[in-house]
Each structure stands twice: as structure tokens, then as C-alpha cells.
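coords.txt (compact mmCIF, C-alpha atoms) appears below.
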# COMPACT_ATOMS: atom_id res chain seq x y z
CA MET P 1 104.84 127.27 71.12
CA GLN P 2 101.47 128.04 72.73
CA SER P 3 100.08 129.34 69.44
CA LEU P 4 101.36 126.34 67.48
CA LEU P 5 100.10 123.75 69.96
CA THR P 6 96.64 125.28 70.44
CA SER P 7 96.06 126.03 66.74
CA THR P 8 96.93 122.44 65.74
CA LEU P 9 95.35 120.70 68.74
CA GLY P 10 92.82 118.06 67.78
CA VAL P 11 89.83 117.77 70.13
CA ASP P 12 87.97 114.46 70.36
CA TYR P 13 84.31 115.44 70.33
CA GLU P 14 81.47 112.97 69.77
CA GLY P 15 83.78 110.50 68.07
CA LYS P 16 85.38 112.91 65.61
CA GLU P 17 88.31 115.28 65.74
CA ILE P 18 87.60 119.00 65.59
CA THR P 19 89.70 122.12 66.20
CA LEU P 20 90.01 123.96 69.49
CA SER P 21 88.24 127.00 68.00
CA GLU P 22 85.35 124.80 66.89
CA VAL P 23 84.89 123.15 70.28
CA ARG P 24 85.13 126.49 72.12
CA ASN P 25 82.47 127.94 69.80
CA LEU P 26 80.08 125.26 71.11
CA ALA P 27 80.01 127.18 74.41
CA TYR P 28 77.41 129.39 72.67
CA ASP P 29 75.16 126.48 71.63
CA ALA P 30 71.55 126.54 72.78
CA ASP P 31 71.69 122.88 73.89
CA PRO P 32 72.98 122.59 77.50
CA LYS P 33 74.21 119.03 76.92
CA ILE P 34 76.32 120.14 73.96
CA ARG P 35 77.83 122.98 76.00
CA GLU P 36 78.80 120.68 78.84
CA ARG P 37 80.16 117.91 76.58
CA ALA P 38 82.16 120.44 74.57
CA PHE P 39 83.64 121.92 77.75
CA ARG P 40 84.70 118.51 79.05
CA ALA P 41 86.19 117.61 75.65
CA GLU P 42 88.11 120.91 75.63
CA ILE P 43 89.51 120.34 79.14
CA LYS P 44 90.47 116.76 78.24
CA ALA P 45 92.29 117.91 75.09
CA TYR P 46 94.45 120.36 77.03
CA GLU P 47 95.93 117.46 78.98
CA LYS P 48 97.84 116.47 75.82
CA ILE P 49 99.76 119.75 75.72
CA ASP P 50 99.64 121.23 79.23
CA LYS P 51 103.18 120.25 80.25
CA SER P 52 104.68 121.81 77.11
CA VAL P 53 102.66 125.00 77.44
CA ALA P 54 103.44 125.20 81.18
CA SER P 55 107.11 125.11 80.23
CA ALA P 56 106.53 127.95 77.76
CA ILE P 57 104.73 130.23 80.22
CA ASN P 58 107.40 129.61 82.88
CA ALA P 59 110.16 130.48 80.41
CA ILE P 60 108.43 133.64 79.20
CA LYS P 61 107.53 135.00 82.63
CA GLY P 62 110.99 134.14 83.97
CA GLU P 63 112.65 135.96 81.07
CA VAL P 64 110.39 139.01 81.50
CA ASN P 65 111.18 139.16 85.24
CA THR P 66 114.92 139.01 84.53
CA LEU P 67 114.90 141.60 81.74
CA SER P 68 112.55 143.93 83.60
CA GLU P 69 114.83 143.95 86.65
CA ALA P 70 117.94 144.39 84.49
CA ARG P 71 116.34 147.44 82.86
CA GLY P 72 115.73 149.03 86.25
CA TYR P 73 112.01 148.46 86.65
CA LYS P 74 110.56 147.44 90.00
CA SER P 75 108.32 144.86 88.34
CA PRO P 76 106.90 143.83 84.95
CA LEU P 77 103.73 145.71 85.94
CA GLU P 78 105.66 148.95 86.37
CA GLU P 79 107.32 148.35 82.99
CA THR P 80 103.94 147.70 81.38
CA LEU P 81 102.47 150.90 82.82
CA ILE P 82 105.42 152.97 81.60
CA GLN P 83 105.15 151.37 78.15
CA SER P 84 101.42 152.10 78.29
CA ARG P 85 102.04 155.76 79.14
CA MET P 86 99.66 155.28 82.05
CA LYS P 87 100.01 156.22 85.73
CA LYS P 88 99.76 153.51 88.38
CA GLU P 89 97.33 155.83 90.13
CA THR P 90 94.95 155.39 87.18
CA LEU P 91 95.22 151.59 87.22
CA ASP P 92 94.79 151.39 90.99
CA VAL P 93 91.64 153.51 91.07
CA MET P 94 90.14 151.60 88.13
CA ILE P 95 90.82 148.16 89.70
CA GLU P 96 89.55 149.33 93.09
CA THR P 97 86.30 150.59 91.55
CA MET P 98 85.84 147.41 89.50
CA GLU P 99 86.23 145.31 92.65
CA ALA P 100 83.61 147.42 94.41
CA TYR P 101 81.11 146.57 91.65
CA LEU P 102 81.77 142.80 91.58
CA PRO P 103 78.56 142.08 93.56
CA VAL P 104 76.58 143.65 90.70
CA PHE P 105 78.00 141.20 88.17
CA ARG P 106 77.62 138.28 90.57
CA SER P 107 73.91 139.08 90.88
CA TYR P 108 73.64 138.81 87.09
CA LEU P 109 75.51 135.48 87.09
CA LYS P 110 73.34 134.07 89.87
CA ARG P 111 70.17 135.06 88.01
CA LYS P 112 71.50 133.42 84.85
CA ALA P 113 72.30 130.27 86.86
CA LYS P 114 68.76 130.22 88.23
CA LEU P 115 67.27 130.64 84.75
CA LEU P 116 69.33 127.67 83.53
CA GLY P 117 68.36 125.49 86.50
CA HIS P 118 71.60 125.60 88.51
CA LYS P 119 71.52 125.87 92.31
CA ASN P 120 75.17 126.52 93.26
CA GLY P 121 76.08 129.30 90.87
CA LEU P 122 76.76 129.17 87.16
CA PRO P 123 79.10 126.47 85.77
CA PHE P 124 81.88 127.94 83.65
CA TYR P 125 80.56 126.08 80.61
CA ASP P 126 77.29 128.03 80.81
CA LEU P 127 78.87 131.50 80.94
CA PHE P 128 78.07 131.95 77.25
CA ALA P 129 74.77 130.07 77.18
CA PRO P 130 72.14 132.07 75.27
CA ILE P 131 69.24 133.47 77.29
CA GLY P 132 66.09 134.66 75.55
CA SER P 133 65.82 134.13 71.81
CA ALA P 134 67.69 135.65 68.91
CA SER P 135 65.67 136.82 65.95
CA LYS P 136 68.16 135.43 63.45
CA THR P 137 71.56 134.07 62.67
CA PHE P 138 73.79 136.05 60.36
CA SER P 139 75.46 135.16 57.10
CA ILE P 140 78.65 137.10 56.37
CA PRO P 141 76.82 139.46 53.93
CA ASP P 142 74.07 139.99 56.55
CA ALA P 143 76.66 140.86 59.19
CA ASN P 144 78.48 143.24 56.86
CA GLU P 145 75.24 145.04 55.95
CA TYR P 146 74.13 145.34 59.58
CA ILE P 147 77.46 146.80 60.65
CA LEU P 148 77.51 149.29 57.78
CA LYS P 149 73.97 150.47 58.54
CA ASN P 150 74.82 151.19 62.16
CA PHE P 151 78.31 152.58 61.65
CA ARG P 152 76.79 155.18 59.31
CA THR P 153 74.75 156.59 62.20
CA PHE P 154 78.04 157.63 63.85
CA ASN P 155 79.87 159.25 60.96
CA GLU P 156 80.65 158.82 57.27
CA ARG P 157 84.34 158.12 57.87
CA LEU P 158 83.62 155.02 59.95
CA TYR P 159 81.08 153.81 57.39
CA GLN P 160 83.43 154.28 54.42
CA MET P 161 86.30 152.53 56.19
CA ALA P 162 84.15 149.48 56.97
CA LYS P 163 82.74 149.47 53.44
CA LYS P 164 86.27 149.43 52.05
CA ALA P 165 87.29 146.63 54.45
CA PHE P 166 84.42 144.44 53.21
CA ALA P 167 84.88 145.28 49.53
CA GLU P 168 88.65 144.82 49.43
CA GLY P 169 88.89 141.61 51.47
CA TRP P 170 90.55 142.90 54.64
CA ILE P 171 88.83 140.24 56.76
CA ASP P 172 89.65 136.53 57.21
CA TYR P 173 86.26 135.42 58.54
CA LEU P 174 85.96 131.66 59.03
CA PRO P 175 87.58 129.12 61.41
CA ARG P 176 89.74 126.37 59.94
CA LYS P 177 92.39 123.91 61.06
CA GLY P 178 95.70 125.59 61.79
CA LYS P 179 94.11 129.01 62.27
CA VAL P 180 94.41 130.66 65.67
CA GLY P 181 91.24 131.20 67.69
CA GLY P 182 89.72 134.49 68.75
CA ALA P 183 89.93 137.68 66.72
CA PHE P 184 92.59 140.24 65.87
CA CYS P 185 93.18 143.45 63.92
CA ALA P 186 96.53 144.72 62.62
CA ASN P 187 96.97 148.38 61.63
CA LEU P 188 99.43 148.60 58.72
CA HIS P 189 100.74 152.16 58.71
CA VAL P 190 102.89 151.64 55.61
CA ILE P 191 99.82 151.07 53.40
CA LYS P 192 97.37 152.98 55.66
CA GLU P 193 95.03 149.99 55.90
CA SER P 194 94.20 147.29 58.45
CA ARG P 195 93.69 143.52 58.31
CA VAL P 196 91.23 141.59 60.48
CA LEU P 197 91.06 137.95 61.64
CA THR P 198 87.86 136.48 63.10
CA ASN P 199 86.32 133.04 63.62
CA PHE P 200 82.83 133.86 62.35
CA ASN P 201 80.08 131.37 63.16
CA GLY P 202 76.89 133.30 62.41
CA ALA P 203 75.87 134.29 65.95
CA PHE P 204 75.07 137.86 66.96
CA GLY P 205 78.18 137.76 69.15
CA ASP P 206 80.24 137.23 66.00
CA VAL P 207 78.74 140.41 64.54
CA ILE P 208 79.77 142.25 67.70
CA THR P 209 83.28 140.78 67.38
CA MET P 210 83.50 142.10 63.81
CA ALA P 211 82.36 145.53 64.98
CA HIS P 212 85.02 145.37 67.72
CA GLU P 213 87.83 144.55 65.31
CA LEU P 214 86.68 147.19 62.83
CA GLY P 215 86.85 149.64 65.73
CA HIS P 216 90.55 148.83 65.93
CA ALA P 217 90.74 149.52 62.20
CA TYR P 218 89.04 152.89 62.73
CA HIS P 219 91.61 153.70 65.41
CA GLY P 220 94.18 152.96 62.72
CA GLU P 221 92.45 155.41 60.36
CA ALA P 222 92.77 158.11 63.00
CA ILE P 223 96.52 157.63 63.44
CA PHE P 224 97.50 156.96 59.81
CA ASP P 225 97.75 160.73 59.25
CA GLU P 226 100.33 160.93 62.04
CA SER P 227 104.04 160.26 61.62
CA ILE P 228 104.81 156.57 62.06
CA LEU P 229 106.73 157.57 65.21
CA ASN P 230 103.49 158.97 66.64
CA ALA P 231 101.28 156.08 65.52
CA ASN P 232 102.01 153.54 68.24
CA TYR P 233 99.04 153.77 70.60
CA THR P 234 99.34 151.95 73.90
CA MET P 235 97.46 148.98 75.36
CA PRO P 236 94.88 150.78 77.54
CA VAL P 237 93.60 153.02 74.75
CA ALA P 238 93.94 150.21 72.18
CA GLU P 239 90.56 148.81 73.27
CA THR P 240 88.72 152.14 73.28
CA ALA P 241 87.65 152.54 69.64
CA SER P 242 86.91 148.81 69.38
CA THR P 243 84.61 148.87 72.41
CA PHE P 244 82.99 152.09 71.23
CA CYS P 245 82.07 150.42 67.93
CA GLU P 246 80.68 147.43 69.82
CA THR P 247 78.50 149.84 71.78
CA ILE P 248 77.15 151.47 68.61
CA VAL P 249 76.01 148.10 67.24
CA ASN P 250 74.75 146.77 70.59
CA GLN P 251 72.65 149.84 71.30
CA ALA P 252 71.16 149.73 67.81
CA ALA P 253 70.27 146.06 68.20
CA LEU P 254 68.53 146.71 71.53
CA LYS P 255 66.57 149.55 69.94
CA ASP P 256 65.57 147.33 66.99
CA ALA P 257 64.39 144.44 69.20
CA THR P 258 60.69 143.75 68.69
CA THR P 259 59.97 141.22 71.48
CA LYS P 260 60.79 140.87 75.18
CA GLU P 261 62.65 137.60 74.50
CA GLU P 262 64.83 139.25 71.87
CA ARG P 263 65.52 142.19 74.17
CA ILE P 264 66.55 139.80 76.95
CA TYR P 265 68.80 137.93 74.51
CA LEU P 266 70.57 141.09 73.32
CA LEU P 267 70.89 142.55 76.81
CA GLU P 268 72.25 139.29 78.19
CA SER P 269 74.71 139.00 75.28
CA SER P 270 76.00 142.46 76.15
CA LEU P 271 76.26 141.52 79.83
CA GLN P 272 78.17 138.36 78.88
CA ASP P 273 80.78 140.55 77.22
CA ALA P 274 80.87 143.08 80.04
CA THR P 275 81.30 140.31 82.61
CA GLN P 276 84.23 138.95 80.65
CA VAL P 277 85.83 142.38 80.48
CA ILE P 278 85.30 143.24 84.15
CA VAL P 279 85.14 139.98 86.12
CA ASP P 280 87.16 137.56 83.98
CA ILE P 281 89.75 140.23 83.22
CA LEU P 282 90.20 140.73 86.96
CA SER P 283 90.84 136.98 87.33
CA ARG P 284 93.44 137.15 84.56
CA PHE P 285 95.08 140.18 86.19
CA TYR P 286 95.18 138.41 89.57
CA PHE P 287 96.64 135.27 87.96
CA GLU P 288 99.35 137.04 85.99
CA LYS P 289 100.38 139.19 88.95
CA ALA P 290 100.67 136.09 91.17
CA LEU P 291 102.58 134.22 88.46
CA PHE P 292 105.12 137.00 87.97
CA GLU P 293 105.66 137.35 91.72
CA GLY P 294 105.93 133.62 92.36
CA ARG P 295 108.10 132.98 89.31
CA ARG P 296 110.93 134.95 90.96
CA GLN P 297 111.37 132.06 93.40
CA THR P 298 110.15 128.94 91.63
CA LEU P 299 108.92 127.11 88.54
CA TYR P 300 105.29 126.01 88.27
CA ASP P 301 104.09 122.73 86.82
CA ALA P 302 100.75 122.43 85.01
CA GLU P 303 98.85 121.38 88.14
CA GLU P 304 100.13 124.36 90.11
CA LEU P 305 99.18 126.72 87.28
CA LYS P 306 95.70 125.21 87.19
CA ASN P 307 95.31 125.79 90.93
CA MET P 308 96.54 129.38 90.61
CA MET P 309 93.97 130.01 87.91
CA LEU P 310 91.18 128.48 90.00
CA ASP P 311 92.16 130.70 92.95
CA ALA P 312 92.04 133.78 90.70
CA GLN P 313 88.62 132.81 89.34
CA LYS P 314 87.22 132.24 92.84
CA LYS P 315 88.48 135.66 93.92
CA SER P 316 86.85 137.51 91.03
CA TYR P 317 83.69 135.48 90.31
CA GLY P 318 82.92 134.65 93.94
CA ASP P 319 79.56 132.96 94.41
CA GLY P 320 78.51 133.92 90.88
CA LEU P 321 80.08 130.71 89.55
CA ASP P 322 79.92 127.14 90.81
CA GLU P 323 83.33 126.64 92.46
CA GLY P 324 83.32 122.99 91.46
CA LYS P 325 82.91 123.81 87.76
CA LEU P 326 85.51 126.46 86.94
CA HIS P 327 88.04 126.52 84.05
CA PRO P 328 91.51 125.53 85.30
CA TYR P 329 93.12 125.90 81.86
CA MET P 330 92.36 129.54 81.08
CA TRP P 331 96.09 130.22 81.40
CA LEU P 332 96.73 127.78 78.54
CA CYS P 333 94.16 128.88 75.97
CA LYS P 334 94.67 132.66 76.23
CA SER P 335 97.52 133.78 73.98
CA HIS P 336 97.81 137.07 75.87
CA TYR P 337 100.10 135.48 78.49
CA TYR P 338 102.68 134.29 75.97
CA SER P 339 104.52 137.43 74.88
CA GLY P 340 107.94 138.40 76.11
CA THR P 341 107.33 142.04 75.17
CA LEU P 342 103.67 142.55 76.10
CA SER P 343 102.72 141.70 79.69
CA TYR P 344 99.40 142.23 81.47
CA TYR P 345 97.32 142.29 78.31
CA ASN P 346 94.22 142.09 80.47
CA PHE P 347 93.48 145.35 82.32
CA PRO P 348 93.53 147.33 79.02
CA TYR P 349 90.28 145.59 78.04
CA ALA P 350 88.61 146.87 81.21
CA PHE P 351 90.03 150.35 80.62
CA GLY P 352 88.76 150.21 77.03
CA LEU P 353 85.23 149.17 78.01
CA LEU P 354 84.84 151.68 80.83
CA PHE P 355 86.55 154.53 78.96
CA ALA P 356 84.40 153.83 75.88
CA LYS P 357 81.24 153.78 78.03
CA GLY P 358 82.16 157.21 79.39
CA LEU P 359 82.88 158.48 75.88
CA TYR P 360 79.59 157.07 74.57
CA ALA P 361 77.71 158.95 77.29
CA LYS P 362 79.38 162.16 76.07
CA TYR P 363 78.47 161.25 72.47
CA LEU P 364 74.80 161.02 73.44
CA GLU P 365 74.99 164.42 75.16
CA ASP P 366 76.21 166.30 72.05
CA ARG P 367 76.88 164.29 68.88
CA GLU P 368 78.01 167.18 66.68
CA VAL P 369 80.66 168.33 69.14
CA PHE P 370 81.72 164.80 70.07
CA VAL P 371 82.60 163.25 66.68
CA PRO P 372 85.50 165.57 65.68
CA MET P 373 86.72 165.60 69.29
CA TYR P 374 86.69 161.77 69.32
CA ASP P 375 88.82 161.57 66.17
CA LYS P 376 91.24 164.09 67.71
CA LEU P 377 91.44 161.99 70.89
CA LEU P 378 92.17 158.79 68.93
CA ALA P 379 94.88 160.54 66.91
CA ALA P 380 96.50 161.76 70.15
CA THR P 381 96.76 158.25 71.62
CA GLY P 382 99.91 157.55 69.62
CA LYS P 383 101.86 160.34 71.30
CA ASN P 384 100.17 161.35 74.57
CA PHE P 385 99.93 159.82 78.01
CA VAL P 386 96.59 158.12 78.61
CA GLU P 387 95.62 160.77 81.15
CA ASP P 388 96.40 163.63 78.73
CA ALA P 389 94.53 162.02 75.83
CA ALA P 390 91.48 161.54 78.06
CA MET P 391 91.53 165.24 79.00
CA ILE P 392 90.79 166.07 75.34
CA ALA P 393 87.31 164.78 76.21
CA ASN P 394 87.44 166.50 79.64
CA ILE P 395 87.75 163.12 81.40
CA ASP P 396 89.95 162.66 84.48
CA VAL P 397 90.82 158.95 84.57
CA THR P 398 92.57 159.31 87.94
CA ASP P 399 89.21 160.20 89.52
CA LYS P 400 87.11 157.35 90.92
CA VAL P 401 83.96 159.28 90.01
CA PHE P 402 84.58 158.69 86.29
CA TRP P 403 84.94 154.92 86.70
CA GLN P 404 81.89 154.79 88.96
CA GLY P 405 79.88 156.59 86.28
CA SER P 406 80.85 154.04 83.64
CA LEU P 407 80.16 151.10 85.96
CA GLU P 408 76.78 152.60 86.87
CA LEU P 409 75.85 152.34 83.17
CA LEU P 410 76.63 148.61 83.35
CA LYS P 411 74.74 148.33 86.64
CA ALA P 412 71.69 149.80 84.91
CA ASP P 413 71.93 147.01 82.31
CA VAL P 414 72.14 144.40 85.08
CA ASP P 415 69.15 145.94 86.86
CA LEU P 416 67.13 145.87 83.63
CA PHE P 417 68.10 142.23 83.03
CA LEU P 418 67.02 141.29 86.56
CA LYS P 419 63.72 143.11 86.03
CA LEU P 420 63.01 141.50 82.64
CA THR P 421 63.79 138.01 83.94
CA ASN P 422 62.02 138.30 87.30
Translate this file's structure into C-alpha cells.
Amino acid sequence: MQSLLTSTLGVDYEGKEITLSEVRNLAYDADPKIRERAFRAEIKAYEKIDKSVASAINAIKGEVNTLSEARGYKSPLEETLIQSRMKKETLDVMIETMEAYLPVFRSYLKRKAKLLGHKNGLPFYDLFAPIGSASKTFSIPDANEYILKNFRTFNERLYQMAKKAFAEGWIDYLPRKGKVGGAFCANLHVIKESRVLTNFNGAFGDVITMAHELGHAYHGEAIFDESILNANYTMPVAETASTFCETIVNQAALKDATTKEERIYLLESSLQDATQVIVDILSRFYFEKALFEGRRQTLYDAEELKNMMLDAQKKSYGDGLDEGKLHPYMWLCKSHYYSGTLSYYNFPYAFGLLFAKGLYAKYLEDREVFVPMYDKLLAATGKNFVEDAAMIANIDVTDKVFWQGSLELLKADVDLFLKLTN
């Protein structure tokens, strides 16, 4: 129901009806008035469907609670961790370390707010506002060429897979009415290929999204040689190859930047993504955990869900965002909450980013040794526990020191951003 209602929702913007994907894409517009008007139009449009979608999320979370208990699990979170082949110890130490670094991300958000002329923190509608100046927008052929050039610096296998994806039409690029928002990749073991959905709009962020989804496709390449019974990799490691491919393209773009303004733009774009994956993901985790726990006793109407989401955002974003200008409908627009078989599809993104950062650091240390080891690690994700797969790269994901190391890499990016914009 959520997918149907959001993909067909008409948004009244500037006197004409546009799709939800189109209005959400305006969050990246350079004009602050457009960003704010688009945000208010988006929020207004949700009022037409919020009661129906609230009913859907209540039904799904109630069903998951009931089935999880009937199957002998203590909670849907325990069930998710067992399905993920991941220890709770690993999740706990990762979340704890992320929370310790929240002040770092809030300092970035407050600097961005200052640059945009805000005094009480950043409004939600300016989270994706561009800072600095991009050297260009990308056509689809431009984006394809840029990705191929940078993928080839990693290895020939990644390059050839992406080249085949472009040549053989694996990718549905453009937004249109009735098409779901966001981006997605499906690995099809039976034909040993993948298919990708994006909503490409020409921004550099769309190029990064393509690199991300093609990273999922590369993960598929690594497991296609395995038996289909050993090809089902779990949620936490699902975002590893995708984030690694993002990092390849991001680092290349920063290296290619010719001006300070372009460097600021690229660095800030990367920090936008990292903030989503660390700070916003924490808010989603807090919200879903509270919803599952509360749903055991009661049903929630749309207003109560909005308030729960606002509480979760305040807890994670803190004074980085303007508390009077948050997004109360993030529970409605994110499809991740609406699966009866896949709960907590939030913390895996954080695991993927931080695990990929740690892997990328190892790649820079010794590229020749790393590349075959990386492919071996990806192939093992369909049959090993997360902790055992990580040990192929000599990484202990139950150790806080590893997560601190990855977050220190992000802190260095924040420090550089603060220096460049001082």
C-alpha cells in the first residue's frame, strides 16, 4: 500500500501536479526558495495519504511482533540480527561508537546552517542544499563514462561488469509517474546478472547513486559463482560493496577538483551522504525500535507517528537541525519500514559505510593484496557470519577500535570542511 500510494501521489507544486520523486529531487536545487517551497508541498501532499499509510505501518509492525514472538524470538531486532548472521555485540558497539561521534556531524550541520544564513540550526529542507559550486551536471552518457573511468582504477572485473550493465540496458535511469522513488539493485542469480533502478536527474549525487547501485551489482558478481544456497548475503554486508564503489568515485572526484569551490562542493556532498548514513540512520533506528516496542500495547495514528519521528530526529540530530523545521513524515516516505520480512533496514547502511571505509583504508595500504582478498570476502558473505567474513580482511567488528578508526576518517572530512569554509 505504501509503495502504491507514494508512487502515484500527485504533489501540487507551483500550480501544477508533479510526482513525489520529482518534488523530493528539488531538495537539491540551488535556489533556497525552491527547496523550502518543495518541502512544504511535499509535507502537504502526505496529508492526503497519511491515515492509510499509518494503518499499513501499524498492521505490518503488529504482524511482525506477533510472528517474531511465535517463532521464539525475544524481539524483531533479535530476529533481524539472527537473519543477518550478526552478533548483537557487534551492533551495540557500532551504535555506541556512532553516538559518541554525533557531535562531529552536528558541527558540520551547524557550519552548513551558518553558510546558508540560518541561526537556529539547519532546517530539514536544507540538508541537501549544495554548498560550493559543481563544475558540471551530468548527462547519462557522461555519468556512465565517469564511472567506468574510475571503476577501472580498482580492477578490470568491476570495469567490465559496469560496461556490460551500460551496454545491455540493465539500468532504468529516469523518474516518471508511477515509478517508485530512490534507487535499487536486484541480483538475479539465475541469469548471473543484476538490474538497477535509479531516478537520475543529472547531479553529481546521482552519479554517486549509480556507483552505489553498481556496487551492489559487483557484490552479485562475486556471489554468482557460489551455489544459489550460498548466495544470499545479509543486510549488514549488503551495503559494503555499494559504499566501497561510492568511495572510489568520490575520492577520484575530490582528486580531480581544480578549484576550492569545487572541492568544497564535492566534500560537502560526501558529508551529506555520510550524515544521512550515520545521523539520519540513527533516527530511523530509534524510531523503528520505539514503534516495535510501543506497538505491543497500542495502535498509533498518523499524528502520533509524526511525533515519534520528530522525537527520534531530535535525539540524533540534536542542535545540528532547527527543531522547528524537522521532517515529521520520514516514516511515510521511506519504504524500508513496510516489509513484513525485513525489519530494521537502517543500521545495515551504517555498517556498510563504516565497514567499507575500513576496507578502503586497507586497499590504500596494499592494493595488490587487497583486491583478490576483497573478492573473496564478498563471496563469503553469502555463507558466513558477518564477524567471520570480516576476519578475512583481519577486521574485528566486535572491537570499538575498528569503528572509531572508520569514524575518524569521516571526522577528518568534517575537519577539512570546517577549515575550507572558515
### Task
Find the residue from P:Gly340, P:Gly352, P:Pro130, P:Gly220 that sits nearest to P:Cys185; use all atoms listed in the file when measuring.
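Among the listed residues, P:Gly220 lies closest to P:Cys185.
Take the candidates P:Arg71, P:Lys163, P:Lys314, P:Arg152 and check each one against P:Asp280 using only C-alpha atoms; the shortest distance goes to P:Lys314.
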### Query
When you draw a straight line from atom CA of P:Lys260 to atom CA of P:Tyr101, how long is it in Å?
26.8 Å
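The nearest approach to P:Tyr360 among the residues P:Glu42, P:Glu246, P:Glu288, P:Asp319, with all atoms listed in the file taken into account, belongs to P:Glu246.
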### Message
Between P:Phe292, P:Tyr146, P:Tyr300, P:Phe351, which residue has the minimum interatomic distance to P:Pro76, considering only C-alpha atoms?
### Response
P:Phe292
### Task
Using atom CA of P:Glu261 and atom CA of P:Ser133 as the two end points, give the distance in Å to one decimal.
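Rounded to one decimal, the two atoms are 5.4 Å apart.
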